[in-house]
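J.: Below: one structure in structure tokens.
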Amino acid sequence: MTIHSGAGERLVRNRAALTATDWQLLIAAALAQVAAAAALRVMPLTTLQARAARFRRLAQAAMRGSDDRVIWAIQVTGRRLAGLSTCLVRALVVHLILDSPGRPLCLTIGVRRTADGALDAHAWVEREGRVLIGTTSDTYVPLVGWDSHCA
């Protein structure tokens, strides 16, 4: 099989550059997103958040790494999971893995009007005013924020 230069070659090269730790992080990120997406289909968001907190230590142990690396894994696998991994699913997983008493996060859901007048919703996660995952909150009007750390 011949791989031509370009995107395919970069993909092969990138896969070869991944470490065992990277693969573990990617697999855990994919499984966490699948679980979150399935749970969102059968229970209210507030119930999901409460139940997910019980698994925080296990999830954090499975997804050990720097904040940037964890977010990278969630974004990369989220793109591969297409419609299953929404902004809300990704935000929930980031919140589950990276939130801690010493480094609190704020998960926010906001809305905006599109050009045709429809409502568009989006979820994002911030820490100390910096958006970690999701689009900047400037274009959305926040509706709901989780945690006492939300502004």
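Just remember, in the structure tokens the first chain shown is A, the second B, etc., residues are 1-based per chain, and ligands are 1-based in the order shown.
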DSSP on the backbone, then: every residue of chain A marked strand (DSSP E or B), written as a list in words.

T.: Ser100, Arg103, Cys106, Leu107, Thr108, Ile109, Gly110, Val111, Arg112, Arg113, Leu119, Asp120, Ala121, His122, Ala123, Trp124, Val125, Glu126, Arg127, Arg130, Val131, Leu132, Ile133, Val141, Pro142, Leu143, Val144, Gly145 and Trp146 of chain A

J.: Would you mind listing what lies within 8 Å of Leu96 in chain A as a ChimeraX atom specification, with only C-alpha atoms counted and same-chain residues fewer than 3 positions away left out?

T.: /A:52-53,56,59-60,92-93,99

J.: Limited to C-alpha atoms, could you put the picked residues into a file as a PDB file, in the first residue's frame?

T.:
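Final output, saved to again28.pdb:
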ATOM      1  CA  ALA A  52     -20.585  11.204  37.660  1.00  0.00           C
ATOM      2  CA  ALA A  53     -18.989  12.733  40.770  1.00  0.00           C
ATOM      3  CA  ARG A  56     -14.313  11.181  39.529  1.00  0.00           C
ATOM      4  CA  ALA A  59     -11.868   8.765  35.744  1.00  0.00           C
ATOM      5  CA  GLN A  60      -8.970  10.931  36.895  1.00  0.00           C
ATOM      6  CA  LEU A  92     -18.928  17.243  31.025  1.00  0.00           C
ATOM      7  CA  VAL A  93     -15.893  15.004  30.599  1.00  0.00           C
ATOM      8  CA  ASP A  99     -12.229  19.881  38.385  1.00  0.00           C
TER       9      ASP A  99
END

J.: Skipping near chain neighbours, those fewer than 4 positions away, what residues fall within 12 Å of Thr86 in chain A using only C-alpha atoms, listed as a short mmCIF file (atom, residue, chain, number, x, y, z; two decimals) with N, CA and C atoms, in the first residue's frame?

T.:
data_model
loop_
_atom_site.label_atom_id
_atom_site.label_comp_id
_atom_site.auth_asym_id
_atom_site.auth_seq_id
_atom_site.Cartn_x
_atom_site.Cartn_y
_atom_site.Cartn_z
N GLN A 33 -16.49 9.79 26.91
CA GLN A 33 -17.46 10.53 26.09
C GLN A 33 -18.63 9.64 25.68
N VAL A 34 -18.37 8.39 25.36
CA VAL A 34 -19.45 7.47 25.02
C VAL A 34 -20.36 7.28 26.23
N ALA A 36 -20.78 9.35 28.80
CA ALA A 36 -21.50 10.60 29.07
C ALA A 36 -22.64 10.80 28.08
N ALA A 37 -22.40 10.51 26.81
CA ALA A 37 -23.44 10.67 25.79
C ALA A 37 -24.60 9.71 26.06
N ALA A 38 -24.29 8.48 26.43
CA ALA A 38 -25.34 7.50 26.73
C ALA A 38 -26.13 7.93 27.97
N LEU A 40 -26.57 10.95 29.13
CA LEU A 40 -27.40 12.12 28.83
C LEU A 40 -28.72 11.74 28.17
N ILE A 74 -9.51 14.64 24.65
CA ILE A 74 -10.97 14.77 24.54
C ILE A 74 -11.36 15.39 23.21
N GLN A 75 -10.62 16.39 22.76
CA GLN A 75 -10.94 17.01 21.47
C GLN A 75 -10.68 16.07 20.30
N THR A 77 -10.53 12.71 20.24
CA THR A 77 -11.49 11.60 20.19
C THR A 77 -12.90 12.12 19.91
N GLY A 78 -13.21 13.30 20.40
CA GLY A 78 -14.52 13.90 20.14
C GLY A 78 -14.77 14.11 18.66
N ARG A 79 -13.74 14.53 17.95
CA ARG A 79 -13.89 14.70 16.49
C ARG A 79 -14.15 13.36 15.81
N ARG A 80 -13.54 12.31 16.30
CA ARG A 80 -13.73 10.98 15.70
C ARG A 80 -15.11 10.40 16.05
N LEU A 81 -15.66 10.83 17.18
CA LEU A 81 -16.96 10.31 17.60
C LEU A 81 -18.12 11.08 16.98
N ALA A 82 -17.82 12.06 16.19
CA ALA A 82 -18.79 12.87 15.42
C ALA A 82 -19.99 13.29 16.26
N ARG A 90 -18.33 16.84 25.75
CA ARG A 90 -16.92 17.16 25.97
C ARG A 90 -16.74 18.01 27.22
N ALA A 91 -17.62 18.97 27.41
CA ALA A 91 -17.54 19.83 28.60
C ALA A 91 -17.74 19.02 29.88
N LEU A 92 -18.69 18.09 29.86
CA LEU A 92 -18.93 17.24 31.02
C LEU A 92 -17.70 16.40 31.37
N VAL A 93 -17.07 15.84 30.35
CA VAL A 93 -15.89 15.00 30.60
C VAL A 93 -14.73 15.85 31.11
N ALA A 121 -27.36 26.62 21.02
CA ALA A 121 -26.84 26.41 22.37
C ALA A 121 -25.42 25.88 22.31
N HIS A 122 -24.66 26.17 23.36
CA HIS A 122 -23.26 25.73 23.41
C HIS A 122 -22.84 25.57 24.86
N ALA A 123 -21.95 24.63 25.10
CA ALA A 123 -21.40 24.41 26.45
C ALA A 123 -19.89 24.63 26.40
N TRP A 124 -19.36 25.19 27.48
CA TRP A 124 -17.92 25.40 27.57
C TRP A 124 -17.50 25.30 29.03
N ILE A 133 -12.22 24.51 27.14
CA ILE A 133 -12.80 23.75 26.03
C ILE A 133 -14.12 24.40 25.65
N GLY A 134 -14.37 24.45 24.37
CA GLY A 134 -15.57 25.11 23.88
C GLY A 134 -15.19 26.47 23.31
#

J.: Record the distance separating CA of Val111 in chain A and CA of Val144 in chain A, expressed in Å with one decimal.

T.: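 Between CA of Val111 in chain A and CA of Val144 in chain A the gap works out to 9.9 Å.
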
J.: Trp72 in chain A: which residues within 12 Å, counting only C-alpha atoms, same-chain residues fewer than 5 positions away excluded, as a PyMOL selection string?

T.: chain A and resi 22-23+25-26+29-30+63+65-67+77-79+90+94+132-133

J.: Near Leu107 in chain A, within 7 Å and counting only C-alpha atoms, which residues show up once chain neighbours fewer than 4 positions away are dropped, as a ChimeraX atom specification?

T.: /A:91,95,124-126,145-146

J.: Could you write out, as a ChimeraX atom specification, all the residues of chain A that DSSP marks as helix (DSSP H, G or I)?

T.: /A:7-17,20-42,45-53,56-62,67-80,82-84,87-98,137-139

J.: Just write the chosen residues, C-alpha atoms, as a PDB file, in the first residue's frame.

T.:
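Output file out_36.pdb is given in full below:
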ATOM      1  CA  ALA A   7      -2.833  14.281   5.205  1.00  0.00           C
ATOM      2  CA  GLY A   8      -2.574  10.475   5.086  1.00  0.00           C
ATOM      3  CA  GLU A   9       1.165  10.510   5.637  1.00  0.00           C
ATOM      4  CA  ARG A  10       0.827  12.969   8.513  1.00  0.00           C
ATOM      5  CA  LEU A  11      -1.805  10.734  10.097  1.00  0.00           C
ATOM      6  CA  VAL A  12       0.494   7.690   9.909  1.00  0.00           C
ATOM      7  CA  ARG A  13       3.419   9.710  11.240  1.00  0.00           C
ATOM      8  CA  ASN A  14       1.304  11.143  14.061  1.00  0.00           C
ATOM      9  CA  ARG A  15       0.031   7.709  15.078  1.00  0.00           C
ATOM     10  CA  ALA A  16       3.575   6.392  15.150  1.00  0.00           C
ATOM     11  CA  ALA A  17       4.623   9.272  17.406  1.00  0.00           C
ATOM     12  CA  ALA A  20       1.500   4.207  25.250  1.00  0.00           C
ATOM     13  CA  THR A  21       0.392   6.924  27.677  1.00  0.00           C
ATOM     14  CA  ASP A  22      -1.126   8.906  24.789  1.00  0.00           C
ATOM     15  CA  TRP A  23      -3.054   5.846  23.620  1.00  0.00           C
ATOM     16  CA  GLN A  24      -4.305   5.176  27.170  1.00  0.00           C
ATOM     17  CA  LEU A  25      -5.460   8.789  27.419  1.00  0.00           C
ATOM     18  CA  LEU A  26      -7.202   8.630  24.024  1.00  0.00           C
ATOM     19  CA  ILE A  27      -8.995   5.375  24.858  1.00  0.00           C
ATOM     20  CA  ALA A  28     -10.112   6.672  28.254  1.00  0.00           C
ATOM     21  CA  ALA A  29     -11.305   9.958  26.674  1.00  0.00           C
ATOM     22  CA  ALA A  30     -13.328   8.077  24.062  1.00  0.00           C
ATOM     23  CA  LEU A  31     -14.899   5.754  26.645  1.00  0.00           C
ATOM     24  CA  ALA A  32     -15.748   8.668  28.949  1.00  0.00           C
ATOM     25  CA  GLN A  33     -17.460  10.525  26.090  1.00  0.00           C
ATOM     26  CA  VAL A  34     -19.450   7.469  25.021  1.00  0.00           C
ATOM     27  CA  ALA A  35     -20.561   6.934  28.633  1.00  0.00           C
ATOM     28  CA  ALA A  36     -21.499  10.602  29.068  1.00  0.00           C
ATOM     29  CA  ALA A  37     -23.444  10.667  25.793  1.00  0.00           C
ATOM     30  CA  ALA A  38     -25.341   7.500  26.728  1.00  0.00           C
ATOM     31  CA  ALA A  39     -26.099   8.811  30.221  1.00  0.00           C
ATOM     32  CA  LEU A  40     -27.400  12.122  28.832  1.00  0.00           C
ATOM     33  CA  ARG A  41     -29.950  10.167  26.812  1.00  0.00           C
ATOM     34  CA  VAL A  42     -31.456   8.468  29.872  1.00  0.00           C
ATOM     35  CA  LEU A  45     -28.164  16.648  33.383  1.00  0.00           C
ATOM     36  CA  THR A  46     -28.247  17.417  37.113  1.00  0.00           C
ATOM     37  CA  THR A  47     -28.624  13.721  37.934  1.00  0.00           C
ATOM     38  CA  LEU A  48     -25.781  12.855  35.571  1.00  0.00           C
ATOM     39  CA  GLN A  49     -23.498  15.408  37.228  1.00  0.00           C
ATOM     40  CA  ALA A  50     -24.269  14.028  40.696  1.00  0.00           C
ATOM     41  CA  ARG A  51     -23.722  10.416  39.653  1.00  0.00           C
ATOM     42  CA  ALA A  52     -20.585  11.204  37.660  1.00  0.00           C
ATOM     43  CA  ALA A  53     -18.989  12.733  40.770  1.00  0.00           C
ATOM     44  CA  ARG A  56     -14.313  11.181  39.529  1.00  0.00           C
ATOM     45  CA  ARG A  57     -11.332   9.428  41.145  1.00  0.00           C
ATOM     46  CA  LEU A  58     -11.540   6.480  38.781  1.00  0.00           C
ATOM     47  CA  ALA A  59     -11.868   8.765  35.744  1.00  0.00           C
ATOM     48  CA  GLN A  60      -8.970  10.931  36.895  1.00  0.00           C
ATOM     49  CA  ALA A  61      -6.797   7.851  37.399  1.00  0.00           C
ATOM     50  CA  ALA A  62      -7.615   6.626  33.882  1.00  0.00           C
ATOM     51  CA  ASP A  67      -4.655  19.720  31.579  1.00  0.00           C
ATOM     52  CA  ASP A  68      -3.540  20.449  28.019  1.00  0.00           C
ATOM     53  CA  ARG A  69      -2.985  16.759  27.263  1.00  0.00           C
ATOM     54  CA  VAL A  70      -6.356  15.721  28.722  1.00  0.00           C
ATOM     55  CA  ILE A  71      -8.129  18.416  26.697  1.00  0.00           C
ATOM     56  CA  TRP A  72      -6.186  17.357  23.596  1.00  0.00           C
ATOM     57  CA  ALA A  73      -7.345  13.740  24.048  1.00  0.00           C
ATOM     58  CA  ILE A  74     -10.970  14.768  24.542  1.00  0.00           C
ATOM     59  CA  GLN A  75     -10.944  17.015  21.473  1.00  0.00           C
ATOM     60  CA  VAL A  76      -9.199  14.468  19.235  1.00  0.00           C
ATOM     61  CA  THR A  77     -11.492  11.604  20.193  1.00  0.00           C
ATOM     62  CA  GLY A  78     -14.517  13.895  20.141  1.00  0.00           C
ATOM     63  CA  ARG A  79     -13.886  14.700  16.488  1.00  0.00           C
ATOM     64  CA  ARG A  80     -13.732  10.978  15.705  1.00  0.00           C
ATOM     65  CA  ALA A  82     -18.794  12.867  15.422  1.00  0.00           C
ATOM     66  CA  GLY A  83     -22.426  13.421  16.488  1.00  0.00           C
ATOM     67  CA  LEU A  84     -22.044  11.329  19.630  1.00  0.00           C
ATOM     68  CA  CYS A  87     -19.899  20.282  23.094  1.00  0.00           C
ATOM     69  CA  LEU A  88     -21.903  19.340  26.201  1.00  0.00           C
ATOM     70  CA  VAL A  89     -20.468  15.820  26.306  1.00  0.00           C
ATOM     71  CA  ARG A  90     -16.917  17.164  25.966  1.00  0.00           C
ATOM     72  CA  ALA A  91     -17.539  19.830  28.602  1.00  0.00           C
ATOM     73  CA  LEU A  92     -18.928  17.243  31.025  1.00  0.00           C
ATOM     74  CA  VAL A  93     -15.893  15.004  30.599  1.00  0.00           C
ATOM     75  CA  VAL A  94     -13.442  17.901  31.011  1.00  0.00           C
ATOM     76  CA  HIS A  95     -15.319  18.999  34.117  1.00  0.00           C
ATOM     77  CA  LEU A  96     -15.274  15.486  35.559  1.00  0.00           C
ATOM     78  CA  ILE A  97     -11.556  14.972  34.965  1.00  0.00           C
ATOM     79  CA  LEU A  98     -10.030  18.381  35.654  1.00  0.00           C
ATOM     80  CA  SER A 137     -18.268  32.591  25.979  1.00  0.00           C
ATOM     81  CA  ASP A 138     -18.390  36.141  24.550  1.00  0.00           C
ATOM     82  CA  THR A 139     -20.773  35.175  21.757  1.00  0.00           C
TER      83      THR A 139
END

J.: Between CA of Pro101 in chain A and CA of Arg127 in chain A, what distance in Å does the model show, to one decimal?

T.: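 Going from CA of Pro101 in chain A over to CA of Arg127 in chain A covers 12.0 Å.
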
J.: Tell me, in Å to one decimal, how far CA of Leu105 in chain A is from CA of Leu18 in chain A.

T.: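 Interatomic distance, CA of Leu105 in chain A to CA of Leu18 in chain A: 28.4 Å.
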